[in-house]
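Engineer: Dropping in start.txt, with compact mmCIF, C-alpha atoms and all ligand atoms.
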# COMPACT_ATOMS: atom_id res chain seq x y z
CA MET A 1 116.87 40.30 62.29
CA SER A 2 114.42 42.27 64.39
CA ILE A 3 111.41 43.71 62.61
CA GLY A 4 109.37 46.36 64.41
CA ALA A 5 105.77 45.15 64.64
CA ASN A 6 104.45 48.56 63.62
CA ALA A 7 107.14 49.32 61.07
CA LEU A 8 105.59 47.27 58.30
CA LYS A 9 102.13 47.15 56.83
CA GLU A 10 100.49 43.71 56.96
CA GLU A 11 100.40 43.58 53.15
CA GLU A 12 104.17 44.13 53.00
CA ILE A 13 104.78 41.48 55.68
CA LEU A 14 102.75 38.90 53.78
CA LYS A 15 104.56 39.70 50.52
CA ARG A 16 107.94 39.26 52.21
CA ILE A 17 106.88 35.98 53.85
CA GLU A 18 105.87 34.74 50.41
CA ALA A 19 109.21 35.83 48.93
CA ALA A 20 111.27 34.25 51.74
CA LYS A 21 109.28 31.03 51.48
CA GLY A 22 109.95 30.99 47.73
CA LYS A 23 113.70 31.41 48.26
CA LEU A 24 113.90 28.67 50.90
CA GLY A 25 111.91 26.27 48.71
CA ARG A 26 112.06 22.62 49.74
CA ASP A 27 114.53 23.38 52.54
CA LEU A 28 111.63 24.79 54.55
CA ILE A 29 108.51 23.26 56.08
CA ILE A 30 106.07 25.39 58.06
CA LEU A 31 103.75 23.55 60.47
CA ALA A 32 100.86 25.33 62.18
CA HIS A 33 98.31 24.33 64.78
CA PHE A 34 94.60 24.74 64.03
CA TYR A 35 94.40 27.55 66.63
CA GLN A 36 96.79 29.80 64.73
CA HIS A 37 95.61 32.98 63.07
CA ASP A 38 94.53 32.69 59.40
CA ASP A 39 97.47 34.78 58.19
CA ILE A 40 99.84 32.19 59.66
CA VAL A 41 97.77 29.21 58.52
CA LYS A 42 97.80 30.35 54.91
CA TYR A 43 101.61 30.01 54.78
CA ALA A 44 101.69 26.64 56.50
CA ASP A 45 102.55 23.49 54.58
CA PHE A 46 100.66 21.42 57.17
CA VAL A 47 97.91 22.51 59.54
CA GLY A 48 96.57 20.13 62.15
CA ASP A 49 95.98 19.14 65.74
CA SER A 50 98.79 18.00 68.04
CA LEU A 51 98.65 14.37 66.91
CA GLN A 52 98.63 15.22 63.21
CA LEU A 53 101.49 17.67 63.67
CA ALA A 54 103.51 15.11 65.63
CA GLN A 55 102.95 12.55 62.87
CA THR A 56 103.89 15.11 60.22
CA ALA A 57 107.02 16.28 62.07
CA SER A 58 108.20 12.67 62.47
CA LYS A 59 107.93 12.10 58.69
CA GLN A 60 109.91 15.15 57.52
CA ARG A 61 113.10 13.92 55.94
CA ASP A 62 113.96 16.46 53.22
CA ALA A 63 113.43 19.85 54.85
CA LYS A 64 116.46 21.43 56.51
CA TYR A 65 114.34 23.85 58.51
CA ILE A 66 111.05 23.20 60.31
CA VAL A 67 109.26 26.33 61.50
CA PHE A 68 106.60 25.45 64.04
CA CYS A 69 103.80 27.96 64.56
CA ALA A 70 102.07 27.03 67.82
CA VAL A 71 103.00 27.01 71.51
CA SER A 72 106.44 25.98 72.75
CA PHE A 73 105.76 22.37 73.78
CA MET A 74 104.74 21.57 70.19
CA ALA A 75 107.96 23.03 68.78
CA GLU A 76 109.89 20.96 71.38
CA MET A 77 107.97 17.89 70.29
CA ALA A 78 108.94 18.50 66.65
CA ARG A 79 112.58 18.89 67.74
CA MET A 80 112.46 15.47 69.40
CA LEU A 81 110.74 13.76 66.47
CA CYS A 82 112.72 15.11 63.52
CA LEU A 83 116.23 14.15 62.39
CA PRO A 84 119.27 15.44 64.33
CA GLY A 85 120.52 17.39 61.30
CA GLN A 86 117.27 19.29 60.87
CA GLN A 87 116.72 22.58 62.65
CA VAL A 88 113.45 23.57 64.32
CA PHE A 89 112.43 27.19 64.85
CA HIS A 90 109.63 28.65 66.92
CA PRO A 91 108.76 32.23 65.94
CA GLU A 92 107.81 33.11 69.54
CA PRO A 93 109.47 30.99 72.25
CA GLN A 94 107.46 32.91 74.87
CA ALA A 95 104.19 31.44 73.54
CA ARG A 96 103.80 28.85 76.29
CA CYS A 97 100.71 26.78 77.04
CA PRO A 98 99.70 27.45 80.70
CA LEU A 99 98.29 23.92 80.99
CA ALA A 100 101.72 22.51 80.13
CA GLU A 101 103.17 24.41 83.09
CA MET A 102 100.70 22.92 85.59
CA ALA A 103 102.74 19.83 86.35
CA ALA A 104 106.40 20.18 87.30
CA ILE A 105 108.73 17.19 87.11
CA ARG A 106 109.54 17.37 90.85
CA GLU A 107 105.83 17.19 91.75
CA VAL A 108 105.18 14.31 89.36
CA GLU A 109 108.18 12.37 90.68
CA GLU A 110 106.99 12.88 94.26
CA ALA A 111 103.53 11.63 93.31
CA TRP A 112 105.05 8.65 91.51
CA THR A 113 107.06 7.63 94.57
CA ILE A 114 103.87 7.55 96.64
CA LEU A 115 101.80 5.86 93.92
CA LYS A 116 104.30 3.03 93.73
CA THR A 117 103.67 2.23 97.40
CA THR A 118 100.05 1.29 96.56
CA GLY A 119 101.20 -1.93 94.92
CA ARG A 120 99.04 -1.19 91.85
CA LYS A 121 100.38 -1.56 88.33
CA ILE A 122 100.28 2.06 87.15
CA ILE A 123 101.28 3.44 83.74
CA PRO A 124 101.99 7.17 83.46
CA VAL A 125 100.24 8.85 80.52
CA VAL A 126 101.14 12.45 79.83
CA TYR A 127 99.00 14.71 77.69
CA VAL A 128 101.02 16.19 74.84
CA ASN A 129 100.44 19.64 76.40
CA SER A 130 103.36 19.14 78.76
CA ARG A 131 107.02 19.92 79.13
CA ALA A 132 109.66 17.67 77.58
CA ASP A 133 110.91 16.48 81.00
CA LEU A 134 107.46 15.03 81.78
CA LYS A 135 107.41 13.19 78.46
CA ALA A 136 110.87 11.86 79.34
CA PHE A 137 109.56 10.78 82.76
CA CYS A 138 106.93 8.67 80.95
CA GLY A 139 109.55 7.25 78.59
CA ARG A 140 111.64 6.17 81.59
CA ASN A 141 108.70 4.59 83.39
CA ASN A 142 107.08 2.50 80.68
CA GLY A 143 104.53 5.21 79.95
CA PHE A 144 103.73 7.32 76.93
CA VAL A 145 102.24 10.51 75.53
CA CYS A 146 98.67 11.02 74.33
CA THR A 147 96.71 13.78 72.61
CA SER A 148 93.01 14.59 72.77
CA ALA A 149 92.60 12.63 69.51
CA ASN A 150 93.94 9.37 70.97
CA ALA A 151 93.30 9.67 74.74
CA LYS A 152 90.72 6.88 74.65
CA LYS A 153 93.06 4.54 72.79
CA ALA A 154 95.74 5.42 75.35
CA MET A 155 93.50 4.48 78.29
CA GLU A 156 92.32 1.31 76.55
CA TYR A 157 95.94 0.33 76.05
CA VAL A 158 96.74 0.90 79.73
CA PHE A 159 93.77 -1.22 80.84
CA SER A 160 94.75 -3.94 78.33
CA GLN A 161 98.06 -4.20 80.22
CA GLY A 162 96.22 -4.89 83.49
CA ALA A 163 97.26 -1.45 84.73
CA ILE A 164 95.58 1.85 85.62
CA PRO A 165 96.57 5.21 84.13
CA PHE A 166 98.22 8.05 86.03
CA PHE A 167 97.02 10.77 83.68
CA PHE A 168 98.45 14.30 83.77
CA PRO A 169 98.33 17.28 83.54
CA ASP A 170 94.78 17.85 82.15
CA GLU A 171 92.10 16.71 84.59
CA ASN A 172 89.19 17.34 82.22
CA LEU A 173 90.56 15.35 79.31
CA GLY A 174 91.33 12.44 81.64
CA LYS A 175 87.95 12.59 83.32
CA ASN A 176 85.93 12.98 80.10
CA THR A 177 87.82 10.13 78.47
CA ALA A 178 87.22 7.88 81.48
CA HIS A 179 83.50 8.82 81.49
CA SER A 180 83.29 7.81 77.81
CA MET A 181 84.52 4.37 78.92
CA GLY A 182 81.87 4.03 81.61
CA ILE A 183 84.15 4.93 84.53
CA GLY A 184 82.42 6.98 87.23
CA ASP A 185 83.75 9.92 89.25
CA GLU A 186 83.92 7.69 92.35
CA GLU A 187 86.46 5.48 90.54
CA MET A 188 88.86 8.34 89.86
CA PHE A 189 91.35 9.86 92.26
CA LEU A 190 92.31 13.50 91.75
CA TRP A 191 95.94 14.15 92.62
CA GLU A 192 96.29 17.69 93.98
CA PRO A 193 99.96 18.69 93.71
CA ASP A 194 99.53 21.52 96.23
CA PHE A 195 98.13 19.31 99.00
CA ALA A 196 99.68 16.54 101.05
CA VAL A 197 98.42 13.03 100.43
CA SER A 198 97.17 11.21 103.53
CA GLU A 199 97.48 7.51 104.34
CA GLU A 200 93.73 7.32 103.83
CA ASP A 201 94.18 8.67 100.28
CA VAL A 202 96.79 6.03 99.54
CA GLU A 203 94.32 3.37 100.70
CA LYS A 204 91.64 4.89 98.43
CA ILE A 205 93.95 4.81 95.39
CA LYS A 206 94.18 1.03 95.80
CA ASP A 207 90.54 0.79 94.60
CA MET A 208 90.65 3.44 91.86
CA LYS A 209 90.58 2.93 88.08
CA VAL A 210 92.14 6.26 87.04
CA ILE A 211 94.44 8.77 88.72
CA LEU A 212 94.02 12.32 87.48
CA TRP A 213 96.04 15.51 88.01
CA ARG A 214 94.67 18.94 88.92
CA GLY A 215 95.44 20.89 85.72
CA PHE A 216 93.30 22.66 83.13
CA CYS A 217 93.20 24.68 79.93
CA TYR A 218 91.91 28.17 80.77
CA VAL A 219 90.48 28.54 77.24
CA HIS A 220 88.27 25.45 77.41
CA MET A 221 87.39 26.01 81.07
CA ALA A 222 85.70 29.22 79.92
CA PHE A 223 82.84 27.24 78.39
CA GLN A 224 80.19 26.86 81.05
CA VAL A 225 76.87 25.06 81.50
CA SER A 226 75.14 28.47 81.23
CA HIS A 227 76.51 28.88 77.67
CA VAL A 228 75.09 25.50 76.64
CA GLU A 229 71.73 26.33 78.24
CA ALA A 230 71.60 29.75 76.56
CA MET A 231 72.32 28.13 73.19
CA ARG A 232 69.58 25.54 73.67
CA LYS A 233 67.14 28.25 74.71
CA ALA A 234 67.97 30.45 71.73
CA TYR A 235 68.04 27.78 69.01
CA GLY A 236 66.27 24.67 70.35
CA SER A 237 67.26 21.08 69.71
CA ASP A 238 68.16 21.58 66.02
CA MET A 239 71.34 23.31 67.16
CA LYS A 240 73.98 20.63 67.74
CA ILE A 241 76.60 21.45 70.34
CA ILE A 242 80.12 20.09 69.82
CA VAL A 243 82.93 20.72 72.30
CA HIS A 244 86.56 19.86 72.98
CA PRO A 245 87.31 17.31 75.76
CA GLU A 246 89.36 19.89 77.69
CA CYS A 247 85.98 21.42 78.66
CA VAL A 248 84.59 20.57 82.11
CA SER A 249 82.61 17.33 82.28
CA GLU A 250 79.31 19.13 83.06
CA VAL A 251 79.57 20.92 79.69
CA VAL A 252 80.61 17.74 77.89
CA ARG A 253 77.64 15.84 79.36
CA LEU A 254 75.17 18.45 78.07
CA SER A 255 76.74 18.63 74.61
CA ASP A 256 75.83 16.45 71.64
CA TYR A 257 79.38 15.65 70.52
CA VAL A 258 82.84 15.81 72.05
CA GLY A 259 86.22 15.35 70.41
CA SER A 260 89.58 16.73 69.38
CA THR A 261 89.97 19.64 66.98
CA SER A 262 90.34 17.30 63.99
CA TYR A 263 87.21 15.42 65.12
CA ILE A 264 85.28 18.70 65.37
CA ARG A 265 86.44 19.82 61.94
CA ASP A 266 85.64 16.47 60.28
CA THR A 267 82.25 16.06 61.98
CA ILE A 268 81.07 19.43 60.75
CA ALA A 269 82.53 18.95 57.27
CA LYS A 270 80.51 15.73 56.92
CA ALA A 271 77.28 17.19 58.37
CA PRO A 272 74.36 17.86 56.00
CA PRO A 273 73.90 21.32 54.48
CA GLY A 274 71.61 23.48 56.58
CA SER A 275 72.65 21.82 59.86
CA GLN A 276 73.27 24.08 62.83
CA TRP A 277 76.34 23.94 65.06
CA ALA A 278 77.57 25.66 68.21
CA ILE A 279 81.28 24.94 68.71
CA GLY A 280 83.06 25.03 72.06
CA THR A 281 86.73 25.55 71.29
CA GLU A 282 89.24 28.28 70.37
CA ILE A 283 87.69 31.09 68.33
CA HIS A 284 90.21 31.32 65.45
CA PHE A 285 89.53 27.68 64.68
CA VAL A 286 85.75 28.13 64.97
CA ASP A 287 85.89 31.10 62.57
CA ARG A 288 87.82 29.04 60.04
CA ILE A 289 85.37 26.13 60.24
CA LYS A 290 82.60 28.64 59.68
CA ARG A 291 84.25 29.99 56.54
CA ASP A 292 84.97 26.47 55.25
CA ASN A 293 81.30 25.44 55.69
CA PRO A 294 79.20 28.25 54.23
CA ASP A 295 76.26 25.84 53.74
CA LYS A 296 75.87 25.39 57.52
CA PHE A 297 74.86 27.70 60.32
CA ILE A 298 77.79 27.85 62.76
CA VAL A 299 78.24 29.91 65.92
CA PRO A 300 80.84 29.79 68.71
CA LEU A 301 79.56 28.49 72.02
CA ARG A 302 81.49 31.45 73.36
CA ASP A 303 83.94 33.81 71.63
CA TRP A 304 87.17 32.83 73.41
CA ALA A 305 90.75 32.95 72.13
CA CYS A 306 94.01 31.36 73.24
CA ARG A 307 96.28 34.35 73.90
CA GLU A 308 99.40 32.15 73.89
CA MET A 309 98.74 30.81 70.38
CA ALA A 310 98.13 34.41 69.28
CA LYS A 311 101.66 35.41 70.33
CA VAL A 312 102.93 33.87 67.07
CA THR A 313 102.44 36.71 64.61
CA THR A 314 103.20 37.21 60.94
CA VAL A 315 105.96 39.69 61.76
CA LYS A 316 107.69 37.09 63.98
CA LEU A 317 107.31 34.43 61.29
CA LEU A 318 108.80 36.82 58.75
CA ALA A 319 111.79 37.51 61.01
CA VAL A 320 112.57 33.77 61.29
CA LEU A 321 112.24 33.23 57.53
CA GLU A 322 114.34 36.22 56.50
CA ASP A 323 117.06 35.24 58.97
CA LEU A 324 117.11 31.81 57.35
CA VAL A 325 117.35 33.34 53.88
CA GLU A 326 120.29 35.46 55.04
CA GLY A 327 121.93 32.37 56.50
CA LYS A 328 122.02 33.89 60.00
CA PRO A 329 119.20 32.19 61.89
CA LEU A 330 118.67 32.81 65.58
CA ALA A 331 119.03 29.86 67.92
CA GLY A 332 116.70 26.99 67.07
CA VAL A 333 114.65 24.94 69.51
CA THR A 334 116.80 22.62 71.61
CA VAL A 335 116.05 19.84 74.07
CA ASP A 336 118.87 18.32 76.11
CA PRO A 337 119.86 14.93 74.62
CA GLU A 338 119.07 12.83 77.70
CA THR A 339 115.56 14.32 78.01
CA ALA A 340 115.01 14.00 74.26
CA LYS A 341 116.07 10.34 74.28
CA TYR A 342 113.43 9.28 76.83
CA ALA A 343 110.75 11.68 75.63
CA ARG A 344 111.17 10.22 72.17
CA ILE A 345 110.44 6.75 73.58
CA ALA A 346 107.15 8.07 75.01
CA LEU A 347 106.28 9.88 71.77
CA ASP A 348 107.10 6.88 69.59
CA LYS A 349 104.88 4.70 71.77
CA MET A 350 102.04 7.17 71.22
CA LEU A 351 102.52 7.09 67.45
CA GLU A 352 102.59 3.30 67.58
CA ILE A 353 99.24 2.94 69.42
CA SER A 354 97.46 5.75 67.46
S1 LIG B 401 94.05 26.36 73.95
FE1 LIG B 401 94.50 25.74 76.07
S2 LIG B 401 95.68 23.87 75.91
FE2 LIG B 401 95.72 24.85 73.88
S3 LIG B 401 97.61 26.07 73.91
FE3 LIG B 401 95.94 27.44 74.57
S4 LIG B 401 95.96 27.26 76.82
FE4 LIG B 401 97.17 25.54 76.05
Would you mind writing the file's structure down as structure tokens?

Structural biologist:
Amino acid sequence: MSIGANALKEEEILKRIEAAKGKLGRDLIILAHFYQHDDIVKYADFVGDSLQLAQTASKQRDAKYIVFCAVSFMAEMARMLCLPGQQVFHPEPQARCPLAEMAAIREVEEAWTILKTTGRKIIPVVYVNSRADLKAFCGRNNGFVCTSANAKKAMEYVFSQGAIPFFFPDENLGKNTAHSMGIGDEEMFLWEPDFAVSEEDVEKIKDMKVILWRGFCYVHMAFQVSHVEAMRKAYGSDMKIIVHPECVSEVVRLSDYVGSTSYIRDTIAKAPPGSQWAIGTEIHFVDRIKRDNPDKFIVPLRDWACREMAKVTTVKLLAVLEDLVEGKPLAGVTVDPETAKYARIALDKMLEIS
């Protein structure tokens, strides 16, 4: 069914979502990422960060339909983790994370061929914000997936195997995680997919501890040193600054705390009443934390939204649900079986070490 975005009043849309949810009952599970709009979050059965949503998706056994409100790679991930008989729907397949598009399988395979010539033991670690074929690449090559909540555990695991990580596609998460383990910039090699690698570079890699990939989240890159400085100037040292590890390392270094969305939410929830917080992550999430913690003073480090997450709207959610009620759903999320098989190996390994 196609519902004109302007044809219905928001109140009517919400009422119909409620009614459709009621009719679908236990056959339906709605999962939503923390960065979704409040009107989506309020209908979700589970709200969380990528790791929590992956864990939740892998445990669904009763629901026939899983509706995933987030960007496309997360819906793909749910498809690979749930049972074959379950169907996964994404209300807006065009909501695609730009970071996930910054490493193409051909480029990663080319890099891998060269990296193998260094003679180092290297384990590929792909950030969950990536396409299914990259997750499958890791599954095929003894690697695995990580999220911002378990990136440190992932690197620790790699080092415990006497190997070094080839970490892609988010440079900042890889670099900030390595910094938190005492690894310096001079011990990291940045792989630039658009530039040729020289013999000298290959020699350099032989002495490196981490190999990073040139990729970034445009939302978290928007937080700059000047925003941290302005916050300190305006509020002094009582204002604690907490940011996501997809921010650039200069911002992370100047901040008081760094961690995944669930870490940010939990840290502020546990903070004493009256404490002051400036949060450097997506604005819908910051606004929700603010509402959930009325006893604290909370401001965004900068008011910055993820436009891809915002493409999932209530009217699109309603369309999916009403199609399910009518028994005529549109095509669900699919991943080709061979890709899914190896990606699942990499995802399962992540869940195992988390
Ligand atoms: S916030 Fe950044 S990483 Fe997350 S979905 Fe948006 S663009 Fe991708």

Engineer: What does the list of residues within 8 Å of ligand LIG 401 (chain B) look like if you count all atoms listed in the file, written as a PDB file with C-alpha atoms, in the frame of the given file?

Structural biologist:
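Done, and the output landed in result.pdb:
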ATOM      1  CA  TYR A  35      94.400  27.550  66.630  1.00  0.00           C
ATOM      2  CA  ALA A  70     102.070  27.030  67.820  1.00  0.00           C
ATOM      3  CA  VAL A  71     103.000  27.010  71.510  1.00  0.00           C
ATOM      4  CA  ARG A  96     103.800  28.850  76.290  1.00  0.00           C
ATOM      5  CA  CYS A  97     100.710  26.780  77.040  1.00  0.00           C
ATOM      6  CA  PRO A  98      99.700  27.450  80.700  1.00  0.00           C
ATOM      7  CA  LEU A  99      98.290  23.920  80.990  1.00  0.00           C
ATOM      8  CA  ALA A 100     101.720  22.510  80.130  1.00  0.00           C
ATOM      9  CA  ASN A 129     100.440  19.640  76.400  1.00  0.00           C
ATOM     10  CA  PHE A 216      93.300  22.660  83.130  1.00  0.00           C
ATOM     11  CA  CYS A 217      93.200  24.680  79.930  1.00  0.00           C
ATOM     12  CA  TYR A 218      91.910  28.170  80.770  1.00  0.00           C
ATOM     13  CA  VAL A 219      90.480  28.540  77.240  1.00  0.00           C
ATOM     14  CA  HIS A 220      88.270  25.450  77.410  1.00  0.00           C
ATOM     15  CA  GLU A 246      89.360  19.890  77.690  1.00  0.00           C
ATOM     16  CA  THR A 281      86.730  25.550  71.290  1.00  0.00           C
ATOM     17  CA  GLU A 282      89.240  28.280  70.370  1.00  0.00           C
ATOM     18  CA  ALA A 305      90.750  32.950  72.130  1.00  0.00           C
ATOM     19  CA  CYS A 306      94.010  31.360  73.240  1.00  0.00           C
ATOM     20  CA  ARG A 307      96.280  34.350  73.900  1.00  0.00           C
ATOM     21  CA  GLU A 308      99.400  32.150  73.890  1.00  0.00           C
ATOM     22  CA  MET A 309      98.740  30.810  70.380  1.00  0.00           C
TER      23      MET A 309
END

Engineer: Considering only C-alpha atoms, return as a PyMOL selection string whatever protein or nucleic-acid residues lie within 7 Å of segment 203-210 of chain A, sequence-local ones (same chain, fewer than 2 positions apart) excluded.

Structural biologist: chain A and resi 118+120+164-166+187-189+199-201+212

Engineer: With all atoms listed in the file as the counted atoms, please give the residues lying no more than 6 Å from segment 143-159 of chain A, apart from itself and same-chain residues fewer than 2 positions off, as a VMD selection string.

Structural biologist: chain A and resid 123 to 128 138 to 139 141 161 to 164 177 260 346 to 347 349 to 350

Engineer: Can you tell me, as AutoDock Vina command-line options, the centre and edge lengths (Å, one decimal) of the axis-aligned box enclosing all of segment 261-273 of chain A's listed atoms after padding each side by 4 Å?

Structural biologist:
--center_x 82.1 --center_y 18.4 --center_z 60.7 --size_x 24.4 --size_y 13.9 --size_z 20.5

Engineer: Hey, which of A:Ala75, A:Val202, A:Ile268, A:Ala222 ends up closest to Lys116 of chain A? Count all atoms listed in the file.

Structural biologist: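 That would be A:Val202, the residue with the smallest distance to Lys116 of chain A.
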
Engineer: Using all atoms listed in the file, which of the listed residues (A:Ile211, A:Lys290, A:His179, A:Pro273) sits closest to Arg253 of chain A?

Structural biologist: A:His179

Engineer: Name all residues at most 9 Å from Leu83 of chain A (count all atoms listed in the file; drop same-chain ones fewer than 5 positions away) and give them as a compact mmCIF listing (two decimals) with C-alpha atoms, keeping the file's coordinate frame.

Structural biologist:
# COMPACT_ATOMS: atom_id res chain seq x y z
CA SER A 58 108.20 12.67 62.47
CA GLN A 60 109.91 15.15 57.52
CA ARG A 61 113.10 13.92 55.94

Engineer: What does the distance from atom CA of Met239 of chain A to atom CA of Thr267 of chain A come to in Å, to one decimal?

Structural biologist: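 Those two atoms sit 14.1 Å apart.
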
Engineer: Give the answer as one residue: which of A:Pro169, A:Leu318, A:Ala343, A:Arg232 has the shortest atom-to-atom distance to Leu14 of chain A, using only C-alpha atoms?

Structural biologist: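 Of the candidates, the smallest distance to Leu14 of chain A is held by A:Leu318.
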
Engineer: Please return segment 117-132 of chain A, rebuilt to N, CA, C and O atoms, as a PDB file, keeping the file's coordinate frame.

Structural biologist:
ATOM      1  N   THR A 117     103.867   2.950  96.129  1.00  0.00           N
ATOM      2  CA  THR A 117     103.670   2.230  97.400  1.00  0.00           C
ATOM      3  C   THR A 117     102.289   1.561  97.474  1.00  0.00           C
ATOM      4  O   THR A 117     102.018   0.783  98.375  1.00  0.00           O
ATOM      5  N   THR A 118     101.395   1.888  96.529  1.00  0.00           N
ATOM      6  CA  THR A 118     100.050   1.290  96.560  1.00  0.00           C
ATOM      7  C   THR A 118     100.061  -0.164  96.095  1.00  0.00           C
ATOM      8  O   THR A 118      99.081  -0.889  96.282  1.00  0.00           O
ATOM      9  N   GLY A 119     101.127  -0.552  95.421  1.00  0.00           N
ATOM     10  CA  GLY A 119     101.200  -1.930  94.920  1.00  0.00           C
ATOM     11  C   GLY A 119     100.415  -2.123  93.627  1.00  0.00           C
ATOM     12  O   GLY A 119     100.390  -3.222  93.067  1.00  0.00           O
ATOM     13  N   ARG A 120      99.787  -1.062  93.117  1.00  0.00           N
ATOM     14  CA  ARG A 120      99.040  -1.190  91.850  1.00  0.00           C
ATOM     15  C   ARG A 120     100.010  -1.121  90.673  1.00  0.00           C
ATOM     16  O   ARG A 120     101.060  -0.482  90.765  1.00  0.00           O
ATOM     17  N   LYS A 121      99.599  -1.751  89.566  1.00  0.00           N
ATOM     18  CA  LYS A 121     100.380  -1.560  88.330  1.00  0.00           C
ATOM     19  C   LYS A 121      99.861  -0.258  87.700  1.00  0.00           C
ATOM     20  O   LYS A 121      98.681  -0.182  87.305  1.00  0.00           O
ATOM     21  N   ILE A 122     100.704   0.730  87.637  1.00  0.00           N
ATOM     22  CA  ILE A 122     100.280   2.060  87.150  1.00  0.00           C
ATOM     23  C   ILE A 122     101.155   2.454  85.966  1.00  0.00           C
ATOM     24  O   ILE A 122     102.380   2.303  86.017  1.00  0.00           O
ATOM     25  N   ILE A 123     100.515   2.958  84.903  1.00  0.00           N
ATOM     26  CA  ILE A 123     101.280   3.440  83.740  1.00  0.00           C
ATOM     27  C   ILE A 123     101.069   4.947  83.628  1.00  0.00           C
ATOM     28  O   ILE A 123      99.932   5.414  83.563  1.00  0.00           O
ATOM     29  N   PRO A 124     102.160   5.730  83.614  1.00  0.00           N
ATOM     30  CA  PRO A 124     101.990   7.170  83.460  1.00  0.00           C
ATOM     31  C   PRO A 124     101.666   7.549  82.015  1.00  0.00           C
ATOM     32  O   PRO A 124     102.306   7.062  81.082  1.00  0.00           O
ATOM     33  N   VAL A 125     100.637   8.371  81.855  1.00  0.00           N
ATOM     34  CA  VAL A 125     100.240   8.850  80.520  1.00  0.00           C
ATOM     35  C   VAL A 125     100.222  10.369  80.582  1.00  0.00           C
ATOM     36  O   VAL A 125      99.470  10.960  81.358  1.00  0.00           O
ATOM     37  N   VAL A 126     101.071  10.981  79.791  1.00  0.00           N
ATOM     38  CA  VAL A 126     101.140  12.450  79.830  1.00  0.00           C
ATOM     39  C   VAL A 126     100.484  13.022  78.579  1.00  0.00           C
ATOM     40  O   VAL A 126     100.731  12.568  77.457  1.00  0.00           O
ATOM     41  N   TYR A 127      99.628  13.988  78.804  1.00  0.00           N
ATOM     42  CA  TYR A 127      99.000  14.710  77.690  1.00  0.00           C
ATOM     43  C   TYR A 127     100.117  15.460  76.963  1.00  0.00           C
ATOM     44  O   TYR A 127     101.046  15.965  77.590  1.00  0.00           O
ATOM     45  N   VAL A 128      99.973  15.553  75.646  1.00  0.00           N
ATOM     46  CA  VAL A 128     101.020  16.190  74.840  1.00  0.00           C
ATOM     47  C   VAL A 128     101.278  17.629  75.295  1.00  0.00           C
ATOM     48  O   VAL A 128     102.392  18.138  75.170  1.00  0.00           O
ATOM     49  N   ASN A 129     100.267  18.276  75.878  1.00  0.00           N
ATOM     50  CA  ASN A 129     100.440  19.640  76.400  1.00  0.00           C
ATOM     51  C   ASN A 129     101.225  19.558  77.709  1.00  0.00           C
ATOM     52  O   ASN A 129     100.679  19.645  78.803  1.00  0.00           O
ATOM     53  N   SER A 130     102.520  19.347  77.578  1.00  0.00           N
ATOM     54  CA  SER A 130     103.360  19.140  78.760  1.00  0.00           C
ATOM     55  C   SER A 130     104.803  19.430  78.373  1.00  0.00           C
ATOM     56  O   SER A 130     105.164  19.420  77.197  1.00  0.00           O
ATOM     57  N   ARG A 131     105.620  19.632  79.385  1.00  0.00           N
ATOM     58  CA  ARG A 131     107.020  19.920  79.130  1.00  0.00           C
ATOM     59  C   ARG A 131     107.760  18.636  78.725  1.00  0.00           C
ATOM     60  O   ARG A 131     107.319  17.524  79.036  1.00  0.00           O
ATOM     61  N   ALA A 132     108.899  18.825  78.067  1.00  0.00           N
ATOM     62  CA  ALA A 132     109.660  17.670  77.580  1.00  0.00           C
ATOM     63  C   ALA A 132     110.111  16.760  78.723  1.00  0.00           C
ATOM     64  O   ALA A 132     110.156  15.531  78.567  1.00  0.00           O
TER      65      ALA A 132
END
